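Undergrad: Sharing a structure here in structure tokens format.
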Amino acid sequence: MGRKKLYQCFLDSNGISIDTRTIKKNQIFFALKGNNFNGNEYAEKALKKGASFVVVDDKNYQLDDERCILVKDSLTALQDLATYHAKKLKIPIIAITGSNGKTTTKELVYAVLSTTYRTFATKGNLNNHIGVPLSVLSIDSEHEVAIIEMGANHLHEINQLCHIALPSFGLITNIGKAHLEGFGSEKGIQQAKGELFEYLDANKGHLFVNMNDFKVAEVAYFMKEVTTYGTGKFCNIHGKTQASDPYLTVNWLPSNDEKLEEPLSIGTKLIGTYNLDNVLAAIAVGTKMEVPFEKIKKGVESYVPKNNRSQVVKKGSNTIILDAYNANPSSMNAALSNLNTLESKKKVVILGDMLELGKYSAKEHEQIVKAVEDMSLDQVVLVGKEFAPYANGYKHFDDSEGAAKWFKKQKFSNTTILVKGSRGIALEKILDE
């Protein structure tokens, strides 16, 4: 079956599935392979559960059924179909990548644009070589703008994702120490994230440039179509932190080349001054897309973080800052710096290992412990084997289960507690207790 015929089948279908456990009637099933599974084995099951077509790439599983399509590689076929769909859409597609804050920024941009347009945004964190094509294929003819989150842990991945999604706009939240194991160095991270800007510049796209991050600004230095944002007066979108205890309030200030005539205060439900850049990014995108000022304010103020991302949990007289979705040296330092600025009688930190740092892991965990030593804290709890050598008398647990049992026995009062660690450490279990 040719690409055009497959695309027509897609238009007539109820979307794409790669999992027979959740497949819906009239969806097209793509049989993908992984290290521990072979989707080809489930092709027949998919048809029995109502799939309109199945796409397989193993002759041993080709069915004697006209609804079974054999291709050279199912993943490549899925990605090609997504690219073909992206070409047909003719709507602005905004790509978002970065070391920290991708999902928060994506949700803020979605909240802003949704006030004015029928907007699609990546669900959850479907931001890799499988998730991006699935996201693109979820955009339908009703949508007027789409936001696609892009993640990567190796060079050339962002470039590949751009050639799948074909974005016309893009932003890099920041460039920090994330996935050092895969990128090899901070320079490698900058090069990898910069692939988004390079793609857009080569294809006459528009860049949103965070001028508060030198590495982002450096990548965009010679590029043409840009909107800058940051705390500097020279930025197209200019803003500052008005308050942050515990929630962030942003003061959006007039700049030379925008129509905002007087400062606009925007309250958020976000924790941490490090979220200022994410809010300014959403303002920059909204302004470029001609969303009215008051609707931009309304959109930002409506966003409530979830999925263990900088959530504030009140327990009696205690305030718990739960940020257990992800962690790397950059975001960990930002969270600790923010805790330093908060007014609280007592402060406690519960920190989990930062994963995927490779050869840099020991050094980075040691530096975080040194940063903690310089803070005025009532208690420090470290969780995971990477922190173990540097516990230095601090309370340490091998896993979150041990920390949760300890936490349950504590009698905290009037205390601000920061809980932060990588997804694999699952520190949210502490609150389950």
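Residue names in the structure tokens use chain letters A, B, ... in the order shown, residue numbers from 1 in each chain, and ligand numbers from 1 in the order shown.
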Please provide the set of residues having any atom within 9 Å of Lys72 in chain A, restricted to only C-alpha atoms, with same-chain residues fewer than 6 positions apart removed, written as a ChimeraX atom specification.

TA: /A:56-58

Undergrad: If we count only C-alpha atoms and set the cut-off at 8 Å, which residues sit around Tyr274 in chain A, ignoring sequence neighbours fewer than 4 positions away in its own chain? Please answer as number ranges by chain.

TA: A: 278, 334-335, 338

Undergrad: Write to file, as a PDB file, in the first residue's frame, the residues of the selection just made, with C-alpha atoms.

TA:
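Written output follows (result17.pdb):
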```
ATOM      1  CA  ASN A 278       8.647  29.543  31.667  1.00  0.00           C
ATOM      2  CA  ALA A 334      17.325  25.960  41.321  1.00  0.00           C
ATOM      3  CA  ALA A 335      14.954  24.247  43.767  1.00  0.00           C
ATOM      4  CA  ASN A 338      14.296  28.905  45.773  1.00  0.00           C
TER       5      ASN A 338
END
```

Undergrad: So, with only C-alpha atoms as the atoms that count, which of A:Lys408, A:Lys346, A:Ala77, A:Tyr394 lies closest to Ser317 in chain A?

TA: A:Lys346

Undergrad: Using DSSP on the backbone, list every residue of range 183-248 of chain A that comes out as alpha helix (DSSP H), and give them as number ranges by chain.

TA: A: 183, 186-202, 214-219

Undergrad: Just the selected residues (N, CA and C atoms), exported as a compact mmCIF listing (two decimals), in the first residue's frame, please.

TA:
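selection_24.txt was written with the following content:
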```
# COMPACT_ATOMS: atom_id res chain seq x y z
N PHE A 183 24.69 12.77 26.34
CA PHE A 183 25.26 13.86 25.55
C PHE A 183 26.78 13.97 25.69
N GLU A 186 28.41 19.26 28.66
CA GLU A 186 27.48 20.39 28.57
C GLU A 186 27.46 20.97 27.16
N LYS A 187 28.63 20.95 26.49
CA LYS A 187 28.68 21.43 25.11
C LYS A 187 27.82 20.55 24.21
N GLY A 188 27.85 19.25 24.49
CA GLY A 188 27.01 18.32 23.72
C GLY A 188 25.53 18.61 23.92
N ILE A 189 25.15 18.97 25.14
CA ILE A 189 23.75 19.32 25.42
C ILE A 189 23.36 20.56 24.62
N GLN A 190 24.24 21.57 24.63
CA GLN A 190 23.95 22.81 23.89
C GLN A 190 23.80 22.53 22.40
N GLN A 191 24.68 21.70 21.88
CA GLN A 191 24.61 21.35 20.45
C GLN A 191 23.31 20.61 20.13
N ALA A 192 22.93 19.69 21.01
CA ALA A 192 21.73 18.88 20.77
C ALA A 192 20.46 19.73 20.83
N LYS A 193 20.33 20.54 21.87
CA LYS A 193 19.13 21.38 21.99
C LYS A 193 19.10 22.42 20.87
N GLY A 194 20.29 22.89 20.47
CA GLY A 194 20.37 23.89 19.41
C GLY A 194 19.91 23.39 18.06
N GLU A 195 19.78 22.08 17.90
CA GLU A 195 19.30 21.52 16.64
C GLU A 195 17.91 22.05 16.29
N LEU A 196 17.10 22.36 17.31
CA LEU A 196 15.77 22.93 17.05
C LEU A 196 15.89 24.29 16.38
N PHE A 197 16.71 25.17 16.93
CA PHE A 197 16.88 26.50 16.35
C PHE A 197 17.50 26.43 14.96
N GLU A 198 18.45 25.52 14.78
CA GLU A 198 19.09 25.38 13.47
C GLU A 198 18.08 24.93 12.41
N TYR A 199 17.21 24.00 12.79
CA TYR A 199 16.17 23.54 11.86
C TYR A 199 15.24 24.69 11.49
N LEU A 200 14.79 25.43 12.49
CA LEU A 200 13.85 26.53 12.25
C LEU A 200 14.49 27.63 11.41
N ASP A 201 15.73 27.97 11.70
CA ASP A 201 16.41 29.02 10.95
C ASP A 201 16.58 28.61 9.49
N ALA A 202 16.88 27.34 9.27
CA ALA A 202 17.07 26.86 7.90
C ALA A 202 15.76 26.77 7.13
N PHE A 214 22.37 32.07 28.94
CA PHE A 214 23.44 32.43 28.00
C PHE A 214 23.60 31.39 26.90
N LYS A 215 23.51 30.12 27.26
CA LYS A 215 23.74 29.06 26.27
C LYS A 215 22.65 29.06 25.20
N VAL A 216 21.41 29.38 25.58
CA VAL A 216 20.32 29.48 24.60
C VAL A 216 20.55 30.69 23.70
N ALA A 217 20.88 31.81 24.32
CA ALA A 217 21.12 33.04 23.55
C ALA A 217 22.28 32.86 22.58
N GLU A 218 23.31 32.12 23.01
CA GLU A 218 24.48 31.89 22.17
C GLU A 218 24.11 31.10 20.92
N VAL A 219 23.26 30.09 21.08
CA VAL A 219 22.84 29.27 19.93
C VAL A 219 22.09 30.13 18.91
```

Undergrad: Would you compute the distance between CA of Leu108 in chain A and CA of Ala284 in chain A? Give it in Å to one decimal.

TA: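 So the answer is 11.2 Å.
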
Undergrad: As a ChimeraX atom specification, please: every residue in range 267-426 of chain A that DSSP puts in strand (DSSP E).

TA: /A:267-271,311-315,318-323,346-352,379-383,395-397,415-420

Undergrad: Now that the selection is made, can you save its residues with C-alpha atoms as a compact mmCIF listing (two decimals), in the first residue's frame?

TA:
```txt
# COMPACT_ATOMS: atom_id res chain seq x y z
CA GLY A 267 -0.29 35.67 39.63
CA THR A 268 0.55 31.99 39.15
CA LYS A 269 0.11 28.71 40.98
CA LEU A 270 3.77 27.89 40.35
CA ILE A 271 6.50 27.52 42.95
CA GLN A 311 3.21 21.02 43.52
CA VAL A 312 2.43 22.61 46.88
CA VAL A 313 0.86 20.20 49.33
CA LYS A 314 -0.47 21.50 52.65
CA LYS A 315 -0.33 19.05 55.56
CA ASN A 318 3.43 22.20 57.04
CA THR A 319 4.05 23.19 53.43
CA ILE A 320 5.46 20.46 51.19
CA ILE A 321 6.98 21.37 47.83
CA LEU A 322 6.71 18.15 45.81
CA ASP A 323 8.95 18.13 42.75
CA LYS A 346 11.84 25.38 59.80
CA LYS A 347 13.13 23.92 56.54
CA VAL A 348 13.70 20.28 55.60
CA VAL A 349 14.99 18.82 52.32
CA ILE A 350 14.43 15.26 51.10
CA LEU A 351 16.54 14.75 47.99
CA GLY A 352 16.63 11.72 45.70
CA GLN A 379 17.05 18.38 58.55
CA VAL A 380 18.53 16.81 55.41
CA VAL A 381 17.44 13.42 54.05
CA LEU A 382 19.18 11.80 51.06
CA VAL A 383 17.68 8.90 49.11
CA LYS A 395 20.05 10.71 57.24
CA HIS A 396 20.22 8.38 54.24
CA PHE A 397 17.92 5.73 52.78
CA THR A 415 7.91 23.38 58.41
CA THR A 416 8.57 23.85 54.69
CA ILE A 417 9.69 20.55 53.18
CA LEU A 418 11.27 20.25 49.73
CA VAL A 419 10.92 16.80 48.15
CA LYS A 420 12.91 16.50 44.92
```

Undergrad: Tell me which protein, DNA and RNA residues are within 10 Å of Asp398 in chain A, counting only C-alpha atoms, leaving out same-chain ones fewer than 4 positions away, and put them as a ChimeraX atom specification.

TA: /A:352-353,382-388,402-403,425

Undergrad: Any chance you can output those residues with N, CA and C atoms as a short mmCIF file (atom, residue, chain, number, x, y, z; two decimals), in the first residue's frame?

TA:
```cif
data_model
loop_
_atom_site.label_atom_id
_atom_site.label_comp_id
_atom_site.auth_asym_id
_atom_site.auth_seq_id
_atom_site.Cartn_x
_atom_site.Cartn_y
_atom_site.Cartn_z
N GLY A 352 16.38 13.02 46.30
CA GLY A 352 16.63 11.72 45.70
C GLY A 352 17.69 11.81 44.61
N ASP A 353 18.28 10.68 44.28
CA ASP A 353 19.34 10.64 43.26
C ASP A 353 18.92 11.32 41.96
N LEU A 382 18.72 12.17 52.40
CA LEU A 382 19.18 11.80 51.06
C LEU A 382 18.72 10.38 50.75
N VAL A 383 18.26 10.19 49.50
CA VAL A 383 17.68 8.90 49.11
C VAL A 383 18.36 8.40 47.84
N GLY A 384 18.89 7.17 47.87
CA GLY A 384 19.47 6.57 46.67
C GLY A 384 20.95 6.28 46.81
N LYS A 385 21.45 5.38 45.98
CA LYS A 385 22.85 4.94 46.08
C LYS A 385 23.84 6.00 45.61
N GLU A 386 23.41 6.91 44.73
CA GLU A 386 24.34 7.94 44.23
C GLU A 386 24.69 8.96 45.32
N PHE A 387 23.72 9.25 46.19
CA PHE A 387 23.97 10.19 47.28
C PHE A 387 24.70 9.52 48.45
N ALA A 388 24.64 8.19 48.54
CA ALA A 388 25.15 7.46 49.70
C ALA A 388 26.58 7.83 50.12
N GLY A 402 12.00 3.25 52.29
CA GLY A 402 12.61 3.49 53.59
C GLY A 402 12.37 4.91 54.07
N ALA A 403 12.51 5.87 53.15
CA ALA A 403 12.29 7.27 53.50
C ALA A 403 10.83 7.51 53.89
N ILE A 425 13.40 7.47 41.24
CA ILE A 425 13.49 7.34 42.69
C ILE A 425 12.10 7.33 43.33
#
```

Undergrad: Each residue of range 281-365 of chain A with at least one atom at most 9 Å from range 83-101 of chain A should appear once, together with its nearest atom pair and the corresponding distance in Å (one decimal); atoms considered: only C-alpha atoms; ordering: chain, then increasing residue number; output as CSV.

TA:
```
residue,atom,partner,partner_atom,distance
A:Val285,CA,A:Ile94,CA,9.0
A:Asn326,CA,A:Asn100,CA,8.8
A:Ala327,CA,A:Asn100,CA,8.6
A:Asn328,CA,A:Asn100,CA,8.4
A:Ser330,CA,A:Asn100,CA,7.9
A:Ser331,CA,A:Asn100,CA,6.6
```

Undergrad: Store the residues of this selection in a file with N, CA and C atoms, as a tab-separated table (two decimals), in the first residue's frame.

TA:
```tsv
chain	number	residue	atom	x	y	z
A	285	VAL	N	5.05	33.61	23.35
A	285	VAL	CA	4.31	32.88	22.32
A	285	VAL	C	2.92	33.48	22.14
A	326	ASN	N	11.20	14.88	38.09
A	326	ASN	CA	12.51	14.77	37.44
A	326	ASN	C	13.52	15.61	38.21
A	327	ALA	N	14.79	15.30	38.00
A	327	ALA	CA	15.84	16.07	38.67
A	327	ALA	C	17.16	15.92	37.93
A	328	ASN	N	17.88	17.02	37.83
A	328	ASN	CA	19.25	17.04	37.32
A	328	ASN	C	19.97	18.15	38.08
A	330	SER	N	21.02	21.09	37.40
A	330	SER	CA	20.49	22.44	37.19
A	330	SER	C	19.19	22.66	37.95
A	331	SER	N	18.25	21.74	37.79
A	331	SER	CA	16.95	21.91	38.45
A	331	SER	C	17.05	21.73	39.95
```

Undergrad: Expressed in Å to a single decimal, how great is the separation between CA of Lys429 in chain A and CA of Ala391 in chain A?

TA: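 So the answer is 21.0 Å.
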
Undergrad: Have a look at CA of Glu366 in chain A and CA of Lys177 in chain A and let me know their distance in Å, one decimal.

TA: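 Taking CA of Glu366 in chain A and CA of Lys177 in chain A, their separation equals 14.6 Å.
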
Undergrad: For Glu261 in chain A, which of A:Thr119, A:Lys24, A:Ser361, A:Phe293 is the closest residue, counting only C-alpha atoms?

TA: A:Phe293

Undergrad: Residues of range 127-181 of chain A that approach range 4-14 of chain A to 12 Å or less, counting only C-alpha atoms: could you list each one with the shortest pair of atoms and its distance in Å to one decimal, rows by chain and increasing residue number, as CSV?

TA:
```
residue,atom,partner,partner_atom,distance
A:Leu137,CA,A:Phe10,CA,8.9
A:Ser138,CA,A:Asn14,CA,9.8
A:Ile139,CA,A:Leu11,CA,11.3
A:Asp140,CA,A:Leu11,CA,9.3
A:Ser141,CA,A:Leu11,CA,10.2
```

Undergrad: For the interface of range 107-180 of chain A with range 288-291 of chain A (cut-off 12 Å, counting only C-alpha atoms), please tabulate each contacting residue of range 107-180 of chain A alongside its nearest pair of atoms and their separation in Å to one decimal, rows sorted by chain and increasing number, as JSON lines.

TA:
```
{"residue": "A:Val109", "atom": "CA", "partner": "A:Met289", "partner_atom": "CA", "distance": 10.7}
{"residue": "A:Tyr110", "atom": "CA", "partner": "A:Val291", "partner_atom": "CA", "distance": 11.9}
{"residue": "A:Ala111", "atom": "CA", "partner": "A:Val291", "partner_atom": "CA", "distance": 11.3}
{"residue": "A:Val112", "atom": "CA", "partner": "A:Val291", "partner_atom": "CA", "distance": 7.7}
{"residue": "A:Leu113", "atom": "CA", "partner": "A:Val291", "partner_atom": "CA", "distance": 7.0}
{"residue": "A:Ser114", "atom": "CA", "partner": "A:Val291", "partner_atom": "CA", "distance": 9.5}
{"residue": "A:Thr115", "atom": "CA", "partner": "A:Val291", "partner_atom": "CA", "distance": 7.8}
{"residue": "A:Thr116", "atom": "CA", "partner": "A:Val291", "partner_atom": "CA", "distance": 6.4}
{"residue": "A:Tyr117", "atom": "CA", "partner": "A:Val291", "partner_atom": "CA", "distance": 8.8}
{"residue": "A:Thr119", "atom": "CA", "partner": "A:Met289", "partner_atom": "CA", "distance": 11.9}
{"residue": "A:Glu144", "atom": "CA", "partner": "A:Met289", "partner_atom": "CA", "distance": 11.1}
{"residue": "A:Val145", "atom": "CA", "partner": "A:Met289", "partner_atom": "CA", "distance": 9.6}
{"residue": "A:Ala146", "atom": "CA", "partner": "A:Met289", "partner_atom": "CA", "distance": 12.0}
{"residue": "A:Phe169", "atom": "CA", "partner": "A:Lys288", "partner_atom": "CA", "distance": 10.2}
{"residue": "A:Gly170", "atom": "CA", "partner": "A:Lys288", "partner_atom": "CA", "distance": 11.8}
```
